[in-house]
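File shown: query11.cif. Contents: mmCIF, N, CA and C atoms.
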data_protein
loop_
_atom_site.label_atom_id
_atom_site.label_comp_id
_atom_site.auth_asym_id
_atom_site.auth_seq_id
_atom_site.Cartn_x
_atom_site.Cartn_y
_atom_site.Cartn_z
N MET A 18 77.91 69.84 60.92
CA MET A 18 76.92 70.45 61.80
C MET A 18 76.85 69.71 63.13
N GLU A 19 76.99 68.39 63.09
CA GLU A 19 76.93 67.62 64.33
C GLU A 19 78.07 68.00 65.28
N VAL A 20 79.25 68.22 64.74
CA VAL A 20 80.40 68.58 65.57
C VAL A 20 80.18 69.96 66.19
N ILE A 21 79.64 70.89 65.41
CA ILE A 21 79.37 72.24 65.92
C ILE A 21 78.34 72.17 67.05
N SER A 22 77.29 71.41 66.85
CA SER A 22 76.25 71.27 67.89
C SER A 22 76.83 70.65 69.15
N ARG A 23 77.65 69.62 69.00
CA ARG A 23 78.25 68.98 70.18
C ARG A 23 79.17 69.95 70.92
N ALA A 24 79.93 70.72 70.17
CA ALA A 24 80.83 71.70 70.81
C ALA A 24 80.01 72.75 71.55
N ALA A 25 78.90 73.19 70.96
CA ALA A 25 78.04 74.19 71.61
C ALA A 25 77.45 73.62 72.90
N VAL A 26 76.99 72.39 72.86
CA VAL A 26 76.41 71.77 74.05
C VAL A 26 77.48 71.61 75.14
N MET A 27 78.69 71.25 74.75
CA MET A 27 79.77 71.13 75.72
C MET A 27 80.07 72.48 76.37
N LEU A 28 80.11 73.55 75.58
CA LEU A 28 80.34 74.88 76.13
C LEU A 28 79.18 75.32 77.03
N MET A 29 77.95 74.96 76.66
CA MET A 29 76.79 75.30 77.49
C MET A 29 76.88 74.59 78.84
N SER A 30 77.20 73.32 78.80
CA SER A 30 77.30 72.54 80.05
C SER A 30 78.40 73.08 80.95
N ALA A 31 79.55 73.36 80.36
CA ALA A 31 80.66 73.89 81.15
C ALA A 31 80.31 75.27 81.72
N SER A 32 79.63 76.08 80.95
CA SER A 32 79.21 77.42 81.42
C SER A 32 78.27 77.29 82.60
N ALA A 33 77.28 76.41 82.46
CA ALA A 33 76.31 76.20 83.55
C ALA A 33 77.01 75.73 84.82
N GLU A 34 77.97 74.83 84.66
CA GLU A 34 78.71 74.33 85.82
C GLU A 34 79.49 75.46 86.49
N ARG A 35 80.15 76.30 85.69
CA ARG A 35 80.94 77.40 86.25
C ARG A 35 80.06 78.50 86.84
N LEU A 36 78.80 78.55 86.43
CA LEU A 36 77.85 79.47 87.06
C LEU A 36 77.29 78.89 88.35
N GLY A 37 77.61 77.61 88.62
CA GLY A 37 77.12 76.95 89.82
C GLY A 37 75.73 76.37 89.67
N LEU A 38 75.22 76.33 88.44
CA LEU A 38 73.83 75.91 88.22
C LEU A 38 73.62 74.42 88.40
N ALA A 39 74.69 73.65 88.48
CA ALA A 39 74.56 72.20 88.69
C ALA A 39 74.37 71.86 90.16
N ASP A 40 74.54 72.83 91.03
CA ASP A 40 74.43 72.60 92.47
C ASP A 40 73.14 73.18 93.02
N PRO A 41 72.64 72.65 94.15
CA PRO A 41 71.40 73.15 94.73
C PRO A 41 71.44 74.65 95.04
N ASP A 42 72.59 75.13 95.52
CA ASP A 42 72.73 76.55 95.81
C ASP A 42 73.91 77.09 95.00
N PRO A 43 73.62 77.71 93.86
CA PRO A 43 74.70 78.21 93.00
C PRO A 43 75.67 79.15 93.72
N ASP A 44 75.17 79.91 94.68
CA ASP A 44 76.02 80.89 95.37
C ASP A 44 77.14 80.24 96.18
N THR A 45 76.93 79.01 96.63
CA THR A 45 77.94 78.33 97.43
C THR A 45 78.59 77.16 96.69
N SER A 46 78.34 77.06 95.40
CA SER A 46 78.89 75.96 94.61
C SER A 46 80.42 76.01 94.59
N PRO A 47 81.07 74.88 94.85
CA PRO A 47 82.53 74.85 94.76
C PRO A 47 83.02 74.95 93.31
N HIS A 48 82.12 74.78 92.36
CA HIS A 48 82.48 74.83 90.94
C HIS A 48 82.31 76.23 90.35
N ARG A 49 81.72 77.13 91.13
CA ARG A 49 81.43 78.47 90.61
C ARG A 49 82.72 79.24 90.34
N ASP A 50 82.80 79.74 89.11
CA ASP A 50 83.95 80.54 88.69
C ASP A 50 83.44 81.48 87.60
N LEU A 51 83.03 82.68 88.00
CA LEU A 51 82.41 83.60 87.05
C LEU A 51 83.38 84.07 85.98
N ASP A 52 84.65 84.15 86.30
CA ASP A 52 85.63 84.55 85.29
C ASP A 52 85.69 83.51 84.18
N GLU A 53 85.75 82.25 84.55
CA GLU A 53 85.76 81.15 83.58
C GLU A 53 84.42 81.09 82.84
N ALA A 54 83.32 81.29 83.56
CA ALA A 54 82.00 81.28 82.92
C ALA A 54 81.91 82.35 81.84
N ARG A 55 82.46 83.52 82.12
CA ARG A 55 82.47 84.61 81.13
C ARG A 55 83.17 84.16 79.84
N ARG A 56 84.32 83.53 79.99
CA ARG A 56 85.08 83.06 78.82
C ARG A 56 84.30 82.02 78.03
N LEU A 57 83.71 81.07 78.75
CA LEU A 57 82.97 80.00 78.09
C LEU A 57 81.74 80.52 77.37
N ILE A 58 81.01 81.43 78.01
CA ILE A 58 79.81 81.99 77.40
C ILE A 58 80.18 82.82 76.16
N THR A 59 81.27 83.55 76.24
CA THR A 59 81.71 84.34 75.08
C THR A 59 82.10 83.41 73.93
N ALA A 60 82.80 82.33 74.23
CA ALA A 60 83.16 81.36 73.20
C ALA A 60 81.91 80.74 72.58
N LEU A 61 80.95 80.40 73.43
CA LEU A 61 79.69 79.84 72.94
C LEU A 61 78.96 80.84 72.03
N ALA A 62 78.92 82.09 72.44
CA ALA A 62 78.25 83.12 71.63
C ALA A 62 78.91 83.26 70.27
N GLY A 63 80.23 83.25 70.25
CA GLY A 63 80.95 83.35 68.98
C GLY A 63 80.65 82.16 68.08
N LEU A 64 80.66 80.96 68.66
CA LEU A 64 80.39 79.75 67.89
C LEU A 64 78.97 79.75 67.33
N VAL A 65 78.00 80.03 68.18
CA VAL A 65 76.59 80.01 67.75
C VAL A 65 76.33 81.09 66.70
N THR A 66 76.87 82.27 66.91
CA THR A 66 76.66 83.36 65.97
C THR A 66 77.32 83.07 64.62
N ALA A 67 78.56 82.61 64.66
CA ALA A 67 79.30 82.36 63.42
C ALA A 67 78.75 81.18 62.63
N SER A 68 78.13 80.23 63.30
CA SER A 68 77.67 79.03 62.62
C SER A 68 76.15 78.94 62.49
N ALA A 69 75.44 80.01 62.80
CA ALA A 69 73.97 79.98 62.80
C ALA A 69 73.39 79.47 61.48
N GLU A 70 73.97 79.86 60.38
CA GLU A 70 73.43 79.45 59.07
C GLU A 70 73.55 77.95 58.83
N TYR A 71 74.44 77.28 59.55
CA TYR A 71 74.65 75.84 59.38
C TYR A 71 73.87 75.00 60.39
N LEU A 72 73.31 75.64 61.39
CA LEU A 72 72.70 74.90 62.50
C LEU A 72 71.26 74.48 62.23
N GLY A 73 70.62 75.07 61.26
CA GLY A 73 69.25 74.71 60.92
C GLY A 73 68.32 74.79 62.11
N ALA A 74 67.60 73.69 62.36
CA ALA A 74 66.62 73.65 63.44
C ALA A 74 67.26 73.74 64.82
N HIS A 75 68.57 73.50 64.90
CA HIS A 75 69.27 73.56 66.19
C HIS A 75 69.61 74.99 66.59
N ALA A 76 69.55 75.92 65.66
CA ALA A 76 69.97 77.30 65.94
C ALA A 76 69.14 77.94 67.04
N ALA A 77 67.83 77.87 66.95
CA ALA A 77 66.96 78.53 67.93
C ALA A 77 67.17 77.99 69.35
N PRO A 78 67.17 76.67 69.56
CA PRO A 78 67.40 76.17 70.92
C PRO A 78 68.77 76.55 71.46
N LEU A 79 69.78 76.55 70.61
CA LEU A 79 71.12 76.94 71.07
C LEU A 79 71.15 78.42 71.43
N ARG A 80 70.50 79.26 70.64
CA ARG A 80 70.44 80.69 70.97
C ARG A 80 69.68 80.91 72.28
N ASP A 81 68.59 80.16 72.48
CA ASP A 81 67.81 80.27 73.72
C ASP A 81 68.66 79.86 74.93
N GLY A 82 69.40 78.77 74.79
CA GLY A 82 70.27 78.31 75.88
C GLY A 82 71.36 79.33 76.18
N LEU A 83 71.93 79.88 75.12
CA LEU A 83 72.95 80.91 75.29
C LEU A 83 72.39 82.11 76.03
N GLN A 84 71.21 82.55 75.63
CA GLN A 84 70.60 83.72 76.28
C GLN A 84 70.30 83.43 77.75
N SER A 85 69.86 82.22 78.06
CA SER A 85 69.61 81.84 79.45
C SER A 85 70.89 81.90 80.27
N LEU A 86 71.99 81.44 79.70
CA LEU A 86 73.28 81.50 80.40
C LEU A 86 73.73 82.94 80.59
N GLN A 87 73.52 83.77 79.58
CA GLN A 87 73.89 85.18 79.70
C GLN A 87 73.08 85.85 80.81
N LYS A 88 71.80 85.53 80.89
CA LYS A 88 70.96 86.10 81.95
C LYS A 88 71.39 85.58 83.32
N ALA A 89 71.70 84.29 83.41
CA ALA A 89 72.14 83.70 84.68
C ALA A 89 73.45 84.35 85.12
N PHE A 90 74.33 84.63 84.18
CA PHE A 90 75.59 85.30 84.51
C PHE A 90 75.31 86.68 85.08
N ARG A 91 74.41 87.41 84.45
CA ARG A 91 74.06 88.77 84.90
C ARG A 91 73.52 88.71 86.33
N GLU A 92 72.65 87.73 86.61
CA GLU A 92 72.05 87.59 87.94
C GLU A 92 73.10 87.19 88.98
N ALA A 93 74.10 86.42 88.56
CA ALA A 93 75.12 85.93 89.50
C ALA A 93 76.17 86.99 89.82
N SER A 94 76.29 87.98 88.97
CA SER A 94 77.33 89.00 89.15
C SER A 94 76.97 89.98 90.25
N ALA A 95 77.93 90.23 91.12
CA ALA A 95 77.72 91.21 92.20
C ALA A 95 77.53 92.61 91.61
N ILE A 96 78.29 92.92 90.58
CA ILE A 96 78.16 94.19 89.86
C ILE A 96 77.91 93.84 88.40
N PRO A 97 76.65 93.85 87.98
CA PRO A 97 76.34 93.45 86.60
C PRO A 97 77.02 94.35 85.57
N ASP A 98 77.38 93.73 84.45
CA ASP A 98 77.97 94.47 83.33
C ASP A 98 76.94 95.43 82.75
N ALA A 99 77.42 96.48 82.14
CA ALA A 99 76.54 97.40 81.42
C ALA A 99 75.91 96.65 80.25
N PRO A 100 74.70 97.03 79.84
CA PRO A 100 74.08 96.37 78.68
C PRO A 100 75.04 96.38 77.48
N GLY A 101 75.18 95.23 76.87
CA GLY A 101 76.07 95.08 75.73
C GLY A 101 77.49 94.73 76.09
N GLN A 102 77.83 94.71 77.39
CA GLN A 102 79.19 94.42 77.85
C GLN A 102 79.31 93.06 78.53
N GLY A 103 78.20 92.34 78.68
CA GLY A 103 78.23 91.03 79.32
C GLY A 103 78.89 89.99 78.43
N PRO A 104 79.06 88.78 78.95
CA PRO A 104 79.74 87.74 78.18
C PRO A 104 78.99 87.42 76.88
N GLY A 105 79.71 87.51 75.78
CA GLY A 105 79.16 87.17 74.48
C GLY A 105 78.29 88.23 73.84
N GLU A 106 78.01 89.30 74.57
CA GLU A 106 77.08 90.31 74.04
C GLU A 106 77.65 91.07 72.86
N LYS A 107 78.97 91.04 72.67
CA LYS A 107 79.52 91.70 71.49
C LYS A 107 79.12 90.91 70.23
N TYR A 108 78.72 89.64 70.40
CA TYR A 108 78.26 88.82 69.27
C TYR A 108 76.75 88.77 69.17
N THR A 109 76.07 88.83 70.31
CA THR A 109 74.61 88.63 70.32
C THR A 109 73.82 89.91 70.48
N GLY A 110 74.47 90.97 70.92
CA GLY A 110 73.76 92.18 71.29
C GLY A 110 73.37 92.10 72.75
N PRO A 111 72.89 93.20 73.32
CA PRO A 111 72.55 93.24 74.75
C PRO A 111 71.49 92.21 75.13
N VAL A 112 71.67 91.63 76.30
CA VAL A 112 70.71 90.68 76.86
C VAL A 112 70.15 91.30 78.12
N HIS A 113 68.84 91.36 78.22
CA HIS A 113 68.20 92.00 79.39
C HIS A 113 67.49 90.96 80.22
#

As structure tokens, the full file:
Amino acid sequence: MEVISRAAVMLMSASAERLGLADPDPDTSPHRDLDEARRLITALAGLVTASAEYLGAHAAPLRDGLQSLQKAFREASAIPDAPGQGPGEKYTGPVH
């Protein structure tokens, strides 16, 4: 469980960085890469969904963090994905 949690946190951090959230202005962040963020968020969603039964008390905070990243991705996108088509939504369901 510890390894799964660490992997999830690593994916969350990398996703946030690729969304530009580590910089004062995400829109001008040199680290912003929405294509990479999509991949990372989808990987995170798959990991959290597949391992939810093993995460115990860590499941809810990880799901909340994942949902926040999915919402941040939607806000950062010039043309938002249709509901259910955003990163990881095939595992989590639509995020609004």

For the PyMOL selection byres (((chain A and resi 79-91 and name CA) around 8) and name CA), applied here, can you spell out every residue it catches as a VMD selection string? chain A and resid 25 to 26 29 32 to 33 36 51 54 to 55 58 61 to 62 65 75 to 78 92 to 94 97 to 98 103 to 105 112 to 113

Pairwise distance for CA of His48 (chain A) and CA of Thr66 (chain A), rounded to one decimal in Å: 27.0 Å

Can you pull out every residue from region 41-107 of chain A that DSSP, working from the backbone, puts in alpha helix (DSSP H), and format the result as a PyMOL selection string? chain A and resi 51-72+76-93+106-107

How would the residues just picked look written out with N, CA and C atoms as a CSV table (one decimal), in the coordinates of the input?
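Listing of out.csv after writing:
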chain,number,residue,atom,x,y,z
A,51,LEU,N,83.0,82.7,88.0
A,51,LEU,CA,82.4,83.6,87.0
A,51,LEU,C,83.4,84.1,86.0
A,52,ASP,N,84.6,84.2,86.3
A,52,ASP,CA,85.6,84.6,85.3
A,52,ASP,C,85.7,83.5,84.2
A,53,GLU,N,85.8,82.2,84.6
A,53,GLU,CA,85.8,81.2,83.6
A,53,GLU,C,84.4,81.1,82.8
A,54,ALA,N,83.3,81.3,83.6
A,54,ALA,CA,82.0,81.3,82.9
A,54,ALA,C,81.9,82.4,81.8
A,55,ARG,N,82.5,83.5,82.1
A,55,ARG,CA,82.5,84.6,81.1
A,55,ARG,C,83.2,84.2,79.8
A,56,ARG,N,84.3,83.5,80.0
A,56,ARG,CA,85.1,83.1,78.8
A,56,ARG,C,84.3,82.0,78.0
A,57,LEU,N,83.7,81.1,78.8
A,57,LEU,CA,83.0,80.0,78.1
A,57,LEU,C,81.7,80.5,77.4
A,58,ILE,N,81.0,81.4,78.0
A,58,ILE,CA,79.8,82.0,77.4
A,58,ILE,C,80.2,82.8,76.2
A,59,THR,N,81.3,83.6,76.2
A,59,THR,CA,81.7,84.3,75.1
A,59,THR,C,82.1,83.4,73.9
A,60,ALA,N,82.8,82.3,74.2
A,60,ALA,CA,83.2,81.4,73.2
A,60,ALA,C,81.9,80.7,72.6
A,61,LEU,N,81.0,80.4,73.4
A,61,LEU,CA,79.7,79.8,72.9
A,61,LEU,C,79.0,80.8,72.0
A,62,ALA,N,78.9,82.1,72.4
A,62,ALA,CA,78.2,83.1,71.6
A,62,ALA,C,78.9,83.3,70.3
A,63,GLY,N,80.2,83.2,70.2
A,63,GLY,CA,81.0,83.4,69.0
A,63,GLY,C,80.6,82.2,68.1
A,64,LEU,N,80.7,81.0,68.7
A,64,LEU,CA,80.4,79.8,67.9
A,64,LEU,C,79.0,79.8,67.3
A,65,VAL,N,78.0,80.0,68.2
A,65,VAL,CA,76.6,80.0,67.8
A,65,VAL,C,76.3,81.1,66.7
A,66,THR,N,76.9,82.3,66.9
A,66,THR,CA,76.7,83.4,66.0
A,66,THR,C,77.3,83.1,64.6
A,67,ALA,N,78.6,82.6,64.7
A,67,ALA,CA,79.3,82.4,63.4
A,67,ALA,C,78.8,81.2,62.6
A,68,SER,N,78.1,80.2,63.3
A,68,SER,CA,77.7,79.0,62.6
A,68,SER,C,76.2,78.9,62.5
A,69,ALA,N,75.4,80.0,62.8
A,69,ALA,CA,74.0,80.0,62.8
A,69,ALA,C,73.4,79.5,61.5
A,70,GLU,N,74.0,79.9,60.4
A,70,GLU,CA,73.4,79.4,59.1
A,70,GLU,C,73.6,78.0,58.8
A,71,TYR,N,74.4,77.3,59.6
A,71,TYR,CA,74.6,75.8,59.4
A,71,TYR,C,73.9,75.0,60.4
A,72,LEU,N,73.3,75.6,61.4
A,72,LEU,CA,72.7,74.9,62.5
A,72,LEU,C,71.3,74.5,62.2
A,76,ALA,N,69.6,75.9,65.7
A,76,ALA,CA,70.0,77.3,65.9
A,76,ALA,C,69.1,77.9,67.0
A,77,ALA,N,67.8,77.9,67.0
A,77,ALA,CA,67.0,78.5,67.9
A,77,ALA,C,67.2,78.0,69.4
A,78,PRO,N,67.2,76.7,69.6
A,78,PRO,CA,67.4,76.2,70.9
A,78,PRO,C,68.8,76.6,71.5
A,79,LEU,N,69.8,76.6,70.6
A,79,LEU,CA,71.1,76.9,71.1
A,79,LEU,C,71.2,78.4,71.4
A,80,ARG,N,70.5,79.3,70.6
A,80,ARG,CA,70.4,80.7,71.0
A,80,ARG,C,69.7,80.9,72.3
A,81,ASP,N,68.6,80.2,72.5
A,81,ASP,CA,67.8,80.3,73.7
A,81,ASP,C,68.7,79.9,74.9
A,82,GLY,N,69.4,78.8,74.8
A,82,GLY,CA,70.3,78.3,75.9
A,82,GLY,C,71.4,79.3,76.2
A,83,LEU,N,71.9,79.9,75.1
A,83,LEU,CA,73.0,80.9,75.3
A,83,LEU,C,72.4,82.1,76.0
A,84,GLN,N,71.2,82.6,75.6
A,84,GLN,CA,70.6,83.7,76.3
A,84,GLN,C,70.3,83.4,77.8
A,85,SER,N,69.9,82.2,78.1
A,85,SER,CA,69.6,81.8,79.4
A,85,SER,C,70.9,81.9,80.3
A,86,LEU,N,72.0,81.4,79.7
A,86,LEU,CA,73.3,81.5,80.4
A,86,LEU,C,73.7,82.9,80.6
A,87,GLN,N,73.5,83.8,79.6
A,87,GLN,CA,73.9,85.2,79.7
A,87,GLN,C,73.1,85.8,80.8
A,88,LYS,N,71.8,85.5,80.9
A,88,LYS,CA,71.0,86.1,82.0
A,88,LYS,C,71.4,85.6,83.3
A,89,ALA,N,71.7,84.3,83.4
A,89,ALA,CA,72.1,83.7,84.7
A,89,ALA,C,73.4,84.4,85.1
A,90,PHE,N,74.3,84.6,84.2
A,90,PHE,CA,75.6,85.3,84.5
A,90,PHE,C,75.3,86.7,85.1
A,91,ARG,N,74.4,87.4,84.4
A,91,ARG,CA,74.1,88.8,84.9
A,91,ARG,C,73.5,88.7,86.3
A,92,GLU,N,72.6,87.7,86.6
A,92,GLU,CA,72.0,87.6,87.9
A,92,GLU,C,73.1,87.2,89.0
A,93,ALA,N,74.1,86.4,88.6
A,93,ALA,CA,75.1,85.9,89.5
A,93,ALA,C,76.2,87.0,89.8
A,106,GLU,N,78.0,89.3,74.6
A,106,GLU,CA,77.1,90.3,74.0
A,106,GLU,C,77.6,91.1,72.9
A,107,LYS,N,79.0,91.0,72.7
A,107,LYS,CA,79.5,91.7,71.5
A,107,LYS,C,79.1,90.9,70.2

Taking only C-alpha atoms into account, which of A:Arg23, A:Arg35, A:Pro111, A:Pro100 comes nearest Arg56 (chain A)?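 For Arg56 (chain A), the nearest of the given residues is A:Arg35.
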